[in-house]
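Enquirer: Structure below; questions to follow.
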Amino acid sequence: CIDGFIQRFGSRAYRRPLLPAETQRLQAVFDWGKQNASAQDGVEMVIEVLLQSPDYLYRPELGADVVAPGIVRLSSYEMATRLSYLLRGSMPDQKLLDEAAADRLKTAEQIRVQAERLLADPHARETFKSFHEQWLDLEGVASIERDPKVYSGYTEAVPALFAQETQAFIDHVIWEDGGRLSTLLTAPYTFVDATLASFYGMAAPASAGFSKVFTDATRRIGLLTQPSLLSLHAQPLQTSPVHRGKFIRESLLCQFLPPPPADLIITPPDLDPNLTTRQRFAQHSADAKCAGCHEQMDPVGLGFEHFDAVGRWRDTENNLP
């Protein structure tokens, strides 16, 4: 009985068949628990050992065979685990384990068939949603604060709606509109409810909740013009070319920038009713201490200056173009 339990539970925990030595070790754990306490204690100890094992806590990829020096081909069981955690965020289901047992996760076509099957699983949407929440820091959007006296129509409810808009937009692009990166960056539509439509100065959608609406493609397209991201990478009373540029460099292009000099006191340029943000931030280029990093961020961030600190379009700032 215990041997069958060890094989069933152990293979699920390790996501592969147990090796003979592992079975023997777990059998010895059970025997010790039974002799010193009871059979039930022995079973509990087996479970404790399995759930503390690196083979359960981590995803080892030791490979089935060596392809070239330093390069191994994953075994079918390792591929099953990689696919499942990538696309479902959890351990392989029985179908994947069956395919692995038959060693049918070796060719590109075999892997593709299972990947497409997993993508059809509702869990996949949750996994993708979690990925984008982490990548774009959408949880941080909820803590955005703005003064409604400065930004008309802004309420405490707006940031959460920003995040929902972006989630709905990404979800639609991936699952309903082909899932292409080019669409993610250039789609001429977004998703709004009545509150957001009013805040953006758009006509309210016909149905309740969030609905797809087309945008003015000369002003707003794709992910990077979503107010959630534009607001998240801005200051309470002004935009931030630095933060917006840094976001593009690091989160989109994976070009991690060095920290500023340790002796540098970082303060954004003072607001000046006679200057635009572009003019106020010109000091970054003039100061040699700043220019090295800021020339990588500011020009990119300044490309978003048509969007204010809540992501709404503007043609002027302080009555200047």
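In the structure tokens, each chain is lettered A, B, ... as it comes, each chain's residues begin at 1, and ligands are numbered from 1 in order of appearance.
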DSSP on the backbone, alpha helix (DSSP H) only: what residues of segment 49-284 of chain A does that give? Format it as JSON, numbers by chain.
Expert: {"A": [49, 50, 51, 52, 54, 55, 56, 57, 76, 77, 78, 79, 80, 81, 82, 83, 84, 85, 86, 87, 94, 95, 96, 97, 98, 99, 100, 101, 108, 109, 110, 111, 112, 113, 114, 115, 116, 117, 118, 119, 122, 123, 124, 125, 126, 127, 128, 129, 130, 131, 132, 133, 134, 135, 136, 138, 139, 140, 141, 158, 159, 160, 161, 162, 163, 164, 165, 166, 167, 168, 169, 170, 171, 172, 173, 174, 175, 176, 181, 182, 183, 184, 185, 186, 194, 195, 196, 197, 198, 199, 200, 227, 228, 229, 230, 231, 232, 241, 242, 243, 244, 245, 246, 247, 277, 278, 279, 280, 283, 284]}
Enquirer: Go through segment 56-241 of chain A and collect every residue that DSSP, computed from the backbone, puts in strand (DSSP E); the answer should be as a ChimeraX atom specification.
Expert: /A:65-68,71-73,189-192,211-214
Enquirer: Keeping only N, CA, C and O atoms, write the selected residues to a file as a PDB file, in the first residue's frame.
Expert:
```
ATOM      1  N   ASP A  65      19.917  14.198 -22.987  1.00  0.00           N
ATOM      2  CA  ASP A  65      21.166  13.870 -23.661  1.00  0.00           C
ATOM      3  C   ASP A  65      21.895  15.151 -24.025  1.00  0.00           C
ATOM      4  O   ASP A  65      21.301  16.222 -24.119  1.00  0.00           O
ATOM      5  N   VAL A  66      23.180  15.045 -24.231  1.00  0.00           N
ATOM      6  CA  VAL A  66      24.017  16.201 -24.553  1.00  0.00           C
ATOM      7  C   VAL A  66      23.986  16.441 -26.059  1.00  0.00           C
ATOM      8  O   VAL A  66      24.261  15.543 -26.849  1.00  0.00           O
ATOM      9  N   VAL A  67      23.619  17.662 -26.443  1.00  0.00           N
ATOM     10  CA  VAL A  67      23.563  18.036 -27.855  1.00  0.00           C
ATOM     11  C   VAL A  67      24.918  18.565 -28.317  1.00  0.00           C
ATOM     12  O   VAL A  67      25.381  18.273 -29.418  1.00  0.00           O
ATOM     13  N   ALA A  68      25.532  19.366 -27.458  1.00  0.00           N
ATOM     14  CA  ALA A  68      26.843  19.962 -27.726  1.00  0.00           C
ATOM     15  C   ALA A  68      27.443  20.310 -26.375  1.00  0.00           C
ATOM     16  O   ALA A  68      26.747  20.268 -25.359  1.00  0.00           O
ATOM     17  N   ILE A  71      25.370  22.083 -23.690  1.00  0.00           N
ATOM     18  CA  ILE A  71      23.982  22.158 -24.151  1.00  0.00           C
ATOM     19  C   ILE A  71      23.340  20.779 -24.053  1.00  0.00           C
ATOM     20  O   ILE A  71      23.879  19.804 -24.583  1.00  0.00           O
ATOM     21  N   VAL A  72      22.188  20.704 -23.383  1.00  0.00           N
ATOM     22  CA  VAL A  72      21.469  19.439 -23.272  1.00  0.00           C
ATOM     23  C   VAL A  72      20.066  19.589 -23.832  1.00  0.00           C
ATOM     24  O   VAL A  72      19.501  20.676 -23.840  1.00  0.00           O
ATOM     25  N   ARG A  73      19.511  18.492 -24.309  1.00  0.00           N
ATOM     26  CA  ARG A  73      18.124  18.463 -24.765  1.00  0.00           C
ATOM     27  C   ARG A  73      17.256  18.036 -23.591  1.00  0.00           C
ATOM     28  O   ARG A  73      17.557  17.053 -22.916  1.00  0.00           O
ATOM     29  N   TYR A 189      -7.481  50.943 -30.819  1.00  0.00           N
ATOM     30  CA  TYR A 189      -8.675  50.810 -29.971  1.00  0.00           C
ATOM     31  C   TYR A 189      -8.260  50.623 -28.524  1.00  0.00           C
ATOM     32  O   TYR A 189      -7.088  50.376 -28.211  1.00  0.00           O
ATOM     33  N   THR A 190      -9.233  50.770 -27.639  1.00  0.00           N
ATOM     34  CA  THR A 190      -9.023  50.483 -26.229  1.00  0.00           C
ATOM     35  C   THR A 190     -10.347  50.008 -25.646  1.00  0.00           C
ATOM     36  O   THR A 190     -11.305  49.755 -26.389  1.00  0.00           O
ATOM     37  N   PHE A 191     -10.404  49.868 -24.315  1.00  0.00           N
ATOM     38  CA  PHE A 191     -11.623  49.416 -23.648  1.00  0.00           C
ATOM     39  C   PHE A 191     -11.953  50.385 -22.521  1.00  0.00           C
ATOM     40  O   PHE A 191     -11.093  50.700 -21.689  1.00  0.00           O
ATOM     41  N   VAL A 192     -13.186  50.885 -22.526  1.00  0.00           N
ATOM     42  CA  VAL A 192     -13.598  51.848 -21.504  1.00  0.00           C
ATOM     43  C   VAL A 192     -14.986  51.500 -20.988  1.00  0.00           C
ATOM     44  O   VAL A 192     -15.761  50.821 -21.665  1.00  0.00           O
ATOM     45  N   SER A 211     -16.198  48.122 -22.744  1.00  0.00           N
ATOM     46  CA  SER A 211     -16.457  47.775 -24.138  1.00  0.00           C
ATOM     47  C   SER A 211     -15.331  48.294 -25.012  1.00  0.00           C
ATOM     48  O   SER A 211     -14.646  49.269 -24.674  1.00  0.00           O
ATOM     49  N   LYS A 212     -15.159  47.650 -26.143  1.00  0.00           N
ATOM     50  CA  LYS A 212     -14.137  48.066 -27.105  1.00  0.00           C
ATOM     51  C   LYS A 212     -14.586  49.321 -27.829  1.00  0.00           C
ATOM     52  O   LYS A 212     -15.695  49.397 -28.338  1.00  0.00           O
ATOM     53  N   VAL A 213     -13.702  50.321 -27.863  1.00  0.00           N
ATOM     54  CA  VAL A 213     -13.982  51.556 -28.595  1.00  0.00           C
ATOM     55  C   VAL A 213     -12.751  51.898 -29.430  1.00  0.00           C
ATOM     56  O   VAL A 213     -11.624  51.652 -29.007  1.00  0.00           O
ATOM     57  N   PHE A 214     -12.974  52.463 -30.593  1.00  0.00           N
ATOM     58  CA  PHE A 214     -11.857  52.855 -31.439  1.00  0.00           C
ATOM     59  C   PHE A 214     -11.382  54.255 -31.058  1.00  0.00           C
ATOM     60  O   PHE A 214     -12.174  55.114 -30.673  1.00  0.00           O
TER      61      PHE A 214
END
```
Enquirer: For segment 120-132 of chain A, work out the shell of residues within 6 Å, counting only C-alpha atoms and skipping chain neighbours fewer than 4 positions away, then give it as an mmCIF file with N, CA, C and O atoms, in the first residue's frame.
Expert:
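Written file, around_18.cif:
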```cif
data_model
loop_
_atom_site.group_PDB
_atom_site.id
_atom_site.type_symbol
_atom_site.label_atom_id
_atom_site.label_comp_id
_atom_site.auth_asym_id
_atom_site.auth_seq_id
_atom_site.Cartn_x
_atom_site.Cartn_y
_atom_site.Cartn_z
ATOM 1 N N LEU A 87 2.675 28.147 -19.361
ATOM 2 C CA LEU A 87 1.380 28.476 -19.949
ATOM 3 C C LEU A 87 0.202 28.348 -18.977
ATOM 4 O O LEU A 87 -0.843 28.957 -19.208
ATOM 5 N N ARG A 88 0.370 27.567 -17.911
ATOM 6 C CA ARG A 88 -0.730 27.402 -16.956
ATOM 7 C C ARG A 88 -0.362 27.845 -15.546
ATOM 8 O O ARG A 88 -1.218 27.951 -14.692
ATOM 9 N N GLY A 89 0.927 28.048 -15.295
ATOM 10 C CA GLY A 89 1.343 28.477 -13.973
ATOM 11 C C GLY A 89 1.217 27.401 -12.924
ATOM 12 O O GLY A 89 1.126 27.690 -11.723
ATOM 13 N N LEU A 136 4.243 45.058 -16.228
ATOM 14 C CA LEU A 136 3.863 46.463 -16.358
ATOM 15 C C LEU A 136 3.584 47.132 -15.017
ATOM 16 O O LEU A 136 3.245 48.313 -14.979
#
```
Enquirer: If you take only C-alpha atoms and a cut-off of 9 Å, which residues of segment 92-183 of chain A touch segment 80-86 of chain A, and what are their nearest atom pairs and distances in Å to one decimal, in chain and number order, as CSV?
Expert:
```
residue,atom,partner,partner_atom,distance
A:Pro92,CA,A:Ser84,CA,5.2
A:Asp93,CA,A:Ser84,CA,7.8
A:Leu96,CA,A:Ala80,CA,5.8
A:Leu97,CA,A:Ala80,CA,6.8
A:Glu99,CA,A:Ala80,CA,8.2
A:Ala100,CA,A:Ala80,CA,6.5
A:Leu105,CA,A:Ala80,CA,7.2
A:Ile111,CA,A:Leu83,CA,8.3
A:Gln114,CA,A:Leu83,CA,8.2
A:Ala115,CA,A:Leu83,CA,6.7
A:Leu118,CA,A:Ser84,CA,7.4
A:Ala124,CA,A:Leu86,CA,8.8
A:Thr127,CA,A:Leu86,CA,7.9
```
Enquirer: Might you pull out every residue within 6 Å of segment 244-261 of chain A, with only C-alpha atoms counted and same-chain residues fewer than 6 positions away left off, and present them as a list of chain:residue names?
Expert: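 Result of the neighbour search: A:His233, A:Met297, A:Asp298, A:Val300, A:Gly301.
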Enquirer: Mind checking which residues fall within 10 Å of Leu229 of chain A, counting only C-alpha atoms, ignoring those fewer than 6 positions away in the same chain, and posting them as a ChimeraX atom specification?
Expert: /A:136-138,140-141,162-163,166,223,244,247,310-311
Enquirer: Find the spatial neighbours of Tyr200 of chain A, counting only C-alpha atoms, within a cut-off of 12 Å - ignore same-chain residues fewer than 4 positions away - and output them as a PyMOL selection string.
Expert: chain A and resi 151-154+158+162+190-196+204+213+215-216+220+226-227+307+310-314
Enquirer: How far is it from atom CA of Leu119 of chain A to atom CA of Leu184 of chain A, in Å with one decimal?
Expert: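 Straight-line distance from atom CA of Leu119 of chain A to atom CA of Leu184 of chain A works out to 18.4 Å.
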Enquirer: Please, what distance in Å, to one decimal, runs between atom CA of Glu44 of chain A and atom CA of Tyr77 of chain A?
Expert: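 The value is 26.4 Å.
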Enquirer: At a cut-off of 12 Å, using only C-alpha atoms, what residues contact Ser11 of chain A? Leave out same-chain residues fewer than 5 positions from it and give the result as number ranges by chain.
Expert: A: 3-6, 16-20, 22-23, 50-51, 55-56, 77, 91-92, 94, 97, 101
Enquirer: Determine the nearest neighbour of Ile47 of chain A from the options A:Pro268, A:Pro299, A:Gly33, A:Pro188, counting only C-alpha atoms.
Expert: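 Of A:Pro268, A:Pro299, A:Gly33, A:Pro188, the one nearest Ile47 of chain A is A:Gly33, counting only C-alpha atoms.
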Enquirer: Using only C-alpha atoms for the distances, tell me which of A:Gln296, A:Ser182, A:Thr225, A:Thr276 is nearest to Asp315 of chain A.
Expert: A:Thr276
